[in-house]
>>> print(open('target_29.cif').read())   # mmCIF, C-alpha atoms
data_structure
loop_
_atom_site.label_atom_id
_atom_site.label_comp_id
_atom_site.auth_asym_id
_atom_site.auth_seq_id
_atom_site.Cartn_x
_atom_site.Cartn_y
_atom_site.Cartn_z
CA MET A 1 119.46 62.94 73.46
CA LYS A 2 115.74 63.48 74.09
CA ASN A 3 116.31 63.21 77.85
CA PHE A 4 119.13 65.77 77.61
CA ILE A 5 116.90 68.24 75.74
CA LEU A 6 114.05 67.71 78.22
CA CYS A 7 116.34 68.28 81.22
CA THR A 8 117.77 71.44 79.63
CA PHE A 9 114.24 72.73 78.97
CA LEU A 10 113.14 72.07 82.56
CA LEU A 11 116.21 73.80 83.94
CA LEU A 12 115.45 76.81 81.77
CA ILE A 13 111.91 77.00 83.10
CA ALA A 14 113.13 76.71 86.70
CA SER A 15 115.66 79.46 86.09
CA CYS A 16 112.97 81.81 84.72
CA ASN A 17 110.58 81.08 87.59
CA SER A 18 113.23 81.82 90.22
CA ARG A 19 114.54 84.97 88.49
CA LYS A 20 115.76 87.63 90.90
CA ALA A 21 116.54 91.29 90.39
CA PRO A 22 119.81 91.70 88.49
CA THR A 23 122.87 92.64 90.50
CA ALA A 24 125.01 95.35 88.93
CA GLU A 25 128.76 95.12 88.62
CA LYS A 26 130.82 97.28 90.96
CA SER A 27 131.12 100.85 89.75
CA LYS A 28 134.36 102.81 89.69
CA THR A 29 132.46 106.10 89.67
CA GLY A 30 128.88 107.13 90.15
CA ILE A 31 126.20 106.02 92.61
CA GLN A 32 125.00 102.54 93.55
CA LEU A 33 122.37 101.28 95.98
CA ILE A 34 122.76 97.99 97.82
CA VAL A 35 119.99 96.14 99.66
CA LEU A 36 121.27 95.54 103.20
CA GLY A 37 118.03 94.15 104.60
CA ASN A 38 114.50 93.40 103.42
CA VAL A 39 112.68 92.22 106.57
CA GLN A 40 110.09 94.11 108.64
CA ASP A 41 111.16 95.82 111.89
CA ALA A 42 111.06 92.83 114.24
CA GLY A 43 113.07 90.48 112.03
CA SER A 44 112.69 86.86 111.00
CA PRO A 45 112.22 84.68 112.98
CA GLN A 46 110.18 87.00 115.17
CA LEU A 47 110.02 86.95 118.95
CA GLY A 48 107.33 84.57 120.20
CA CYS A 49 106.62 83.01 116.81
CA ASN A 50 106.71 79.23 116.53
CA LYS A 51 104.57 78.96 113.42
CA GLU A 52 105.72 77.37 110.17
CA CYS A 53 107.30 80.66 109.04
CA CYS A 54 109.66 80.75 112.02
CA LYS A 55 110.03 77.43 113.80
CA ASP A 56 112.87 76.02 111.66
CA LEU A 57 114.70 79.36 111.65
CA TRP A 58 115.25 79.21 115.41
CA LYS A 59 117.50 76.18 114.88
CA ASN A 60 118.85 77.16 111.46
CA PRO A 61 118.94 80.96 111.12
CA ASP A 62 119.01 82.47 107.64
CA LEU A 63 121.87 84.99 107.75
CA LYS A 64 120.42 86.81 104.75
CA ARG A 65 117.33 87.82 106.72
CA LYS A 66 118.32 91.29 107.90
CA ILE A 67 115.98 94.09 108.96
CA ILE A 68 115.23 96.80 106.41
CA SER A 69 118.12 99.01 105.30
CA MET A 70 119.68 100.33 102.10
CA GLY A 71 123.26 101.39 101.46
CA VAL A 72 124.09 104.28 99.15
CA MET A 73 127.60 104.19 97.66
CA ASP A 74 129.13 107.30 96.11
CA HIS A 75 132.18 105.79 94.43
CA GLN A 76 133.70 108.93 92.97
CA TYR A 77 133.62 110.85 96.25
CA GLN A 78 134.41 107.81 98.45
CA LYS A 79 131.31 108.11 100.64
CA ASN A 80 128.79 105.63 102.01
CA TYR A 81 125.34 106.50 103.33
CA LEU A 82 122.66 104.45 105.04
CA LEU A 83 118.90 104.61 104.57
CA ASP A 84 117.52 103.57 107.98
CA ALA A 85 119.51 102.34 110.97
CA SER A 86 118.18 98.88 111.79
CA PRO A 87 119.01 96.69 114.79
CA ASP A 88 121.20 94.74 112.33
CA ILE A 89 123.36 97.81 111.64
CA SER A 90 126.65 96.19 112.73
CA SER A 91 126.64 93.43 110.11
CA GLN A 92 125.03 95.73 107.55
CA LEU A 93 127.76 98.36 107.81
CA GLN A 94 130.36 95.60 107.63
CA LEU A 95 128.80 94.37 104.37
CA LEU A 96 128.65 97.92 103.02
CA GLN A 97 132.34 98.45 103.79
CA GLN A 98 133.22 95.15 102.11
CA GLU A 99 131.37 96.27 99.00
CA HIS A 100 132.77 99.81 99.02
CA THR A 101 135.62 100.60 101.42
CA THR A 102 135.63 104.20 102.64
CA PRO A 103 137.64 106.08 105.28
CA LYS A 104 134.68 106.42 107.69
CA ILE A 105 132.46 103.70 109.09
CA ILE A 106 129.55 105.67 107.57
CA ASP A 107 129.27 109.19 106.18
CA GLY A 108 125.63 109.80 107.01
CA ILE A 109 122.37 108.08 107.98
CA PHE A 110 118.92 109.01 106.68
CA ILE A 111 115.99 107.93 108.87
CA THR A 112 112.50 107.34 107.47
CA HIS A 113 110.68 107.28 110.84
CA ALA A 114 110.78 106.29 114.49
CA HIS A 115 109.62 102.66 114.40
CA ILE A 116 112.00 100.14 115.90
CA GLY A 117 113.42 98.65 112.73
CA HIS A 118 114.30 102.00 111.21
CA TYR A 119 116.21 104.02 113.81
CA THR A 120 117.19 101.94 116.87
CA GLY A 121 120.44 100.86 115.22
CA LEU A 122 121.70 104.34 116.14
CA MET A 123 122.36 102.95 119.64
CA TYR A 124 125.38 101.03 118.30
CA LEU A 125 127.09 104.32 117.47
CA GLY A 126 127.20 105.24 121.16
CA LYS A 127 129.64 104.85 124.01
CA GLU A 128 128.83 101.18 124.53
CA GLY A 129 129.43 100.47 120.85
CA ALA A 130 131.46 102.09 118.06
CA SER A 131 131.65 105.44 119.92
CA THR A 132 131.59 107.32 116.63
CA GLN A 133 132.29 111.02 116.26
CA ASN A 134 129.84 113.45 114.66
CA ILE A 135 128.10 111.05 112.28
CA PRO A 136 125.46 113.09 110.40
CA VAL A 137 121.95 111.78 110.98
CA TYR A 138 119.30 113.26 108.69
CA ALA A 139 115.83 113.47 110.24
CA MET A 140 112.55 115.31 109.78
CA PRO A 141 111.61 118.08 112.29
CA LYS A 142 109.49 115.97 114.67
CA LEU A 143 112.07 113.17 114.66
CA THR A 144 114.86 115.72 115.21
CA GLY A 145 113.12 116.88 118.38
CA PHE A 146 112.53 113.30 119.48
CA LEU A 147 116.22 112.38 119.12
CA ASN A 148 117.44 115.57 120.77
CA ASN A 149 115.11 115.42 123.77
CA ASN A 150 114.67 111.74 124.64
CA GLY A 151 117.20 109.30 126.05
CA PRO A 152 119.10 107.28 125.14
CA TRP A 153 119.19 109.08 121.77
CA SER A 154 119.88 112.47 123.33
CA GLN A 155 123.08 111.05 124.83
CA LEU A 156 124.32 110.28 121.32
CA VAL A 157 123.87 113.99 120.60
CA THR A 158 125.45 115.33 123.79
CA GLN A 159 128.37 112.91 123.48
CA LYS A 160 128.74 114.02 119.85
CA ASN A 161 128.45 110.48 118.51
CA ILE A 162 125.94 111.87 116.04
CA VAL A 163 124.94 115.28 114.71
CA VAL A 164 121.25 115.55 113.82
CA ASN A 165 120.61 117.48 110.60
CA GLU A 166 117.01 118.54 110.18
CA MET A 167 115.43 117.85 106.79
CA GLN A 168 112.39 119.53 105.29
CA ASN A 169 109.72 117.74 103.31
CA GLU A 170 110.57 117.60 99.60
CA HIS A 171 113.73 119.70 100.03
CA PRO A 172 116.71 117.87 98.47
CA VAL A 173 119.83 117.17 100.54
CA THR A 174 122.80 117.51 98.19
CA LEU A 175 125.62 115.19 99.27
CA SER A 176 127.92 115.54 96.25
CA PRO A 177 127.70 116.72 92.63
CA ASN A 178 126.63 113.13 91.88
CA LEU A 179 124.09 112.53 94.63
CA LYS A 180 121.07 114.09 96.28
CA ILE A 181 118.41 112.59 98.54
CA THR A 182 114.95 114.10 99.00
CA PRO A 183 112.54 113.17 101.83
CA ILE A 184 108.91 112.77 100.76
CA GLN A 185 106.33 112.51 103.53
CA VAL A 186 103.92 109.56 103.46
CA PRO A 187 100.92 108.63 105.64
CA HIS A 188 101.82 106.17 108.39
CA ARG A 189 101.46 105.67 112.15
CA ASP A 190 103.42 108.72 113.32
CA GLU A 191 103.55 108.28 117.10
CA PHE A 192 107.02 109.79 117.61
CA SER A 193 107.94 111.19 114.21
CA GLU A 194 106.84 111.89 110.70
CA THR A 195 107.27 109.14 108.11
CA VAL A 196 109.04 109.73 104.83
CA GLY A 197 110.24 107.85 101.82
CA PHE A 198 113.35 108.93 99.93
CA LEU A 199 113.98 109.89 96.34
CA ILE A 200 117.63 109.11 95.59
CA GLU A 201 119.05 110.82 92.51
CA GLY A 202 122.31 109.99 90.80
CA LEU A 203 123.68 111.59 87.66
CA GLU A 204 121.65 109.40 85.31
CA LYS A 205 118.95 107.53 87.24
CA LYS A 206 116.57 107.84 90.19
CA ALA A 207 115.31 105.45 92.84
CA LEU A 208 112.35 105.62 95.22
CA PHE A 209 112.54 104.04 98.67
CA ILE A 210 109.26 103.74 100.62
CA PRO A 211 109.51 100.86 103.12
CA ASP A 212 106.42 101.94 105.10
CA ILE A 213 103.13 103.56 104.09
CA ASP A 214 99.55 102.99 105.24
CA LYS A 215 97.85 102.62 101.84
CA TRP A 216 98.71 104.03 98.41
CA GLY A 217 95.30 105.69 98.20
CA LYS A 218 96.03 107.81 101.30
CA TRP A 219 99.12 109.40 99.74
CA LYS A 220 98.83 112.73 97.93
CA TYR A 221 100.81 111.29 95.04
CA ASN A 222 99.82 108.57 92.60
CA ILE A 223 102.31 105.74 93.08
CA THR A 224 101.91 104.53 89.50
CA ASP A 225 102.86 108.00 88.23
CA PHE A 226 105.89 107.96 90.53
CA ILE A 227 106.99 104.56 89.23
CA LYS A 228 107.03 106.01 85.71
CA LYS A 229 109.32 108.85 86.82
CA VAL A 230 111.98 106.72 88.53
CA ASP A 231 114.17 103.84 87.41
CA TYR A 232 113.79 101.76 90.57
CA ALA A 233 110.95 101.78 93.13
CA PHE A 234 111.66 99.92 96.39
CA ILE A 235 108.22 99.83 98.00
CA ASP A 236 106.35 98.54 101.03
CA ALA A 237 105.43 94.85 100.77
CA THR A 238 104.95 94.06 104.47
CA PHE A 239 102.10 91.60 103.91
CA TYR A 240 101.38 89.52 100.82
CA ASN A 241 97.66 89.28 101.57
CA ALA A 242 95.20 89.70 104.42
CA THR A 243 95.11 86.02 105.40
CA GLU A 244 98.70 85.62 106.65
CA LEU A 245 98.03 87.17 110.09
CA ASN A 246 95.57 85.09 112.09
CA ASN A 247 96.37 86.45 115.55
CA ARG A 248 96.10 90.24 114.98
CA ASP A 249 93.64 92.64 113.38
CA ILE A 250 95.42 93.58 110.14
CA SER A 251 93.33 96.77 109.89
CA THR A 252 95.27 98.18 112.87
CA ILE A 253 98.56 97.82 110.99
CA PRO A 254 97.65 99.03 107.49
CA HIS A 255 100.11 98.51 104.64
CA PRO A 256 99.59 98.04 100.90
CA LEU A 257 99.15 94.29 100.48
CA VAL A 258 101.32 92.88 97.70
CA GLU A 259 98.22 91.50 96.01
CA GLU A 260 96.65 94.99 96.18
CA SER A 261 99.76 96.63 94.73
CA MET A 262 99.97 94.16 91.85
CA GLN A 263 96.30 94.78 91.09
CA LEU A 264 96.91 98.54 91.17
CA PHE A 265 99.90 98.20 88.84
CA ASN A 266 98.20 95.69 86.55
CA ASN A 267 97.83 98.14 83.65
CA LEU A 268 101.46 99.25 83.74
CA SER A 269 103.59 98.20 80.80
CA PRO A 270 106.27 95.53 81.37
CA GLU A 271 108.88 98.32 81.20
CA TYR A 272 107.35 100.02 84.24
CA LYS A 273 106.52 96.84 86.15
CA LYS A 274 110.17 95.78 86.16
CA ARG A 275 111.02 99.01 87.99
CA VAL A 276 109.13 97.77 91.06
CA TYR A 277 111.14 96.06 93.84
CA PHE A 278 109.02 94.74 96.70
CA ILE A 279 110.76 95.10 100.08
CA HIS A 280 110.10 95.19 103.88
CA PHE A 281 108.57 91.74 104.45
CA ASN A 282 106.82 90.67 107.63
CA HIS A 283 108.10 87.37 109.05
CA THR A 284 104.84 85.77 107.84
CA ASN A 285 105.31 86.96 104.25
CA LYS A 286 106.16 84.08 101.91
CA LEU A 287 108.08 86.41 99.61
CA LEU A 288 110.96 85.86 102.05
CA ASN A 289 111.27 82.41 100.49
CA PRO A 290 112.51 82.69 96.88
CA GLU A 291 111.05 79.26 96.10
CA SER A 292 107.52 79.99 97.36
CA ASN A 293 104.55 80.11 95.01
CA GLU A 294 104.04 83.73 96.05
CA SER A 295 107.59 84.68 95.00
CA LYS A 296 107.13 82.91 91.67
CA THR A 297 103.84 84.73 91.12
CA VAL A 298 105.44 88.14 91.70
CA ILE A 299 108.28 87.36 89.30
CA LYS A 300 105.90 85.89 86.70
CA ASN A 301 103.88 89.12 86.82
CA GLY A 302 106.97 91.11 85.88
CA TYR A 303 108.05 92.59 89.23
CA ASN A 304 111.21 92.21 91.32
CA ILE A 305 111.71 91.09 94.91
CA ALA A 306 114.50 92.92 96.72
CA ARG A 307 117.02 90.42 98.08
CA MET A 308 119.98 90.91 100.39
CA GLY A 309 123.00 92.12 98.42
CA ASP A 310 121.11 93.27 95.31
CA ILE A 311 122.83 96.29 93.72
CA VAL A 312 121.46 98.85 91.27
CA THR A 313 123.32 101.73 89.62
CA LEU A 314 122.03 105.31 89.42
#
>>> encode(input="target_29.cif", output="structure tokens")
Amino acid sequence: MKNFILCTFLLLIASCNSRKAPTAEKSKTGIQLIVLGNVQDAGSPQLGCNKECCKDLWKNPDLKRKIISMGVMDHQYQKNYLLDASPDISSQLQLLQQEHTTPKIIDGIFITHAHIGHYTGLMYLGKEGASTQNIPVYAMPKLTGFLNNNGPWSQLVTQKNIVVNEMQNEHPVTLSPNLKITPIQVPHRDEFSETVGFLIEGLEKKALFIPDIDKWGKWKYNITDFIKKVDYAFIDATFYNATELNNRDISTIPHPLVEESMQLFNNLSPEYKKRVYFIHFNHTNKLLNPESNESKTVIKNGYNIARMGDIVTL
């Protein structure tokens, strides 16, 4: 009997330590977000990497390691939207359709910026791929010009695979009476486009999606204030700390380190901390492993780690 109680107690502890963000039940109406990818632009394993973080994955790939993307499901109006078009778009759209079947392959794509993991999936909509017709792509002004005037993206426009709709900073795009998405510009390496995050608003709740930003202190908004105003905050967690890259100068690729973000959010109440979902992990980031000490630390501190297939309701 004592052994049985001890085993039950240990299982309970293990369950708490490995807690993941809750997955919502399917909704008949309303808006839901689904995590379709949580990995940084170049994927995991990453080209040329044979370190501990990647070497076993070459032989035994983890099919849940998809490049950053979020699905937005409008159940009442039978629409699906995509936040960022990653190189994994084919399997991601298939998963989205399995979760919420709609007449079109996708009803619109919102792009945060022109780095490879966030927009190059658009190529699969072209003649060599799905050969779609007039898929709305929502982009900021500089990115709109880039897509319209540079191949191969311009061919998607001339062939009418996509229609580029220009967004304006902090101007909401209303998609249905239940759903609007607002781009919010953030500081980042803007070689070919601006960089934005998205505020996604349903009838009852709001979510923030910022997969890339240089540092929270460079933004005109206070991220802790923003967390208090939304119900879910999916935010940049590219690197856990500064020690995980030993072959590149991390100062040339600035992101908020997870350790920095947790320190910044340390005074938030548990109610606000649980609104944070870390996402967009570099292949070196041990948060990709749910059983790592780093993952357990994040969960113990009251935050969530966005995992493939997680669903939240707005």
>>> atom_distance(input="target_29.cif", atom1="atom CA of A:Ile31", atom2="atom CA of A:Ile135")
20.4 Å
>>> closest_residue(input="target_29.cif", among="A:Thr174, A:Thr101, A:Pro136, A:Thr112", to="A:Pro187", atoms="only C-alpha atoms")
A:Thr112
>>> resolve_selection(input="target_29.cif", expression="the PyMOL selection byres ((chain A and resi 159) around 9)", output="NGL selection string")
:A and (126-127 or 131 or 133-134 or 154-158 or 160-162)
>>> residues_around(input="target_29.cif", residues="stretch 65-74 of chain A", least_positions_apart="4", cutoff="7 Å", atoms="all atoms listed in the file", output="list in words")
Gly30, Ile31, Gln32, Leu33, Ile34, Val35, Leu36, Gly37, Asn38, Val39, Gln40, Asp41, Gly43, Ser44, Gln78, Lys79, Asn80, Tyr81, Leu82, Leu83, Asp84, Ala85, Ser86, Asp88, Leu96, His100, Gly117 and His280 of chain A
>>> resolve_selection(input="target_29.cif", expression="the PyMOL selection byres ((chain A and resi 227) around 10)", output="count of residues only")
21
>>> closest_residue(input="target_29.cif", among="A:Ala242, A:Phe192, A:Pro45, A:Ile184", to="A:Lys220", atoms="only C-alpha atoms")
A:Ile184
>>> closest_residue(input="target_29.cif", among="A:Val164, A:Ile89, A:Leu203, A:Ala237", to="A:Asn178", atoms="all atoms listed in the file")
A:Leu203
>>> closest_residue(input="target_29.cif", among="A:Glu260, A:Asp236, A:Asp212, A:Glu128", to="A:Phe278", atoms="all atoms listed in the file")
A:Asp236
>>> atom_distance(input="target_29.cif", atom1="atom CA of A:Lys180", atom2="atom CA of A:Gln92")
21.9 Å
>>> atom_distance(input="target_29.cif", atom1="atom CA of A:Cys54", atom2="atom CA of A:Lys296")
20.6 Å
>>> resolve_selection(input="target_29.cif", expression="the PyMOL selection byres ((chain A and resi 182) around 10)", output="list in words")
Met167, Gln168, Asn169, Glu170, His171, Pro172, Val173, Thr174, Lys180, Ile181, Pro183, Ile184, Gln185, Val196, Gly197, Phe198, Leu199, Ile200, Glu201 and Leu208 of chain A
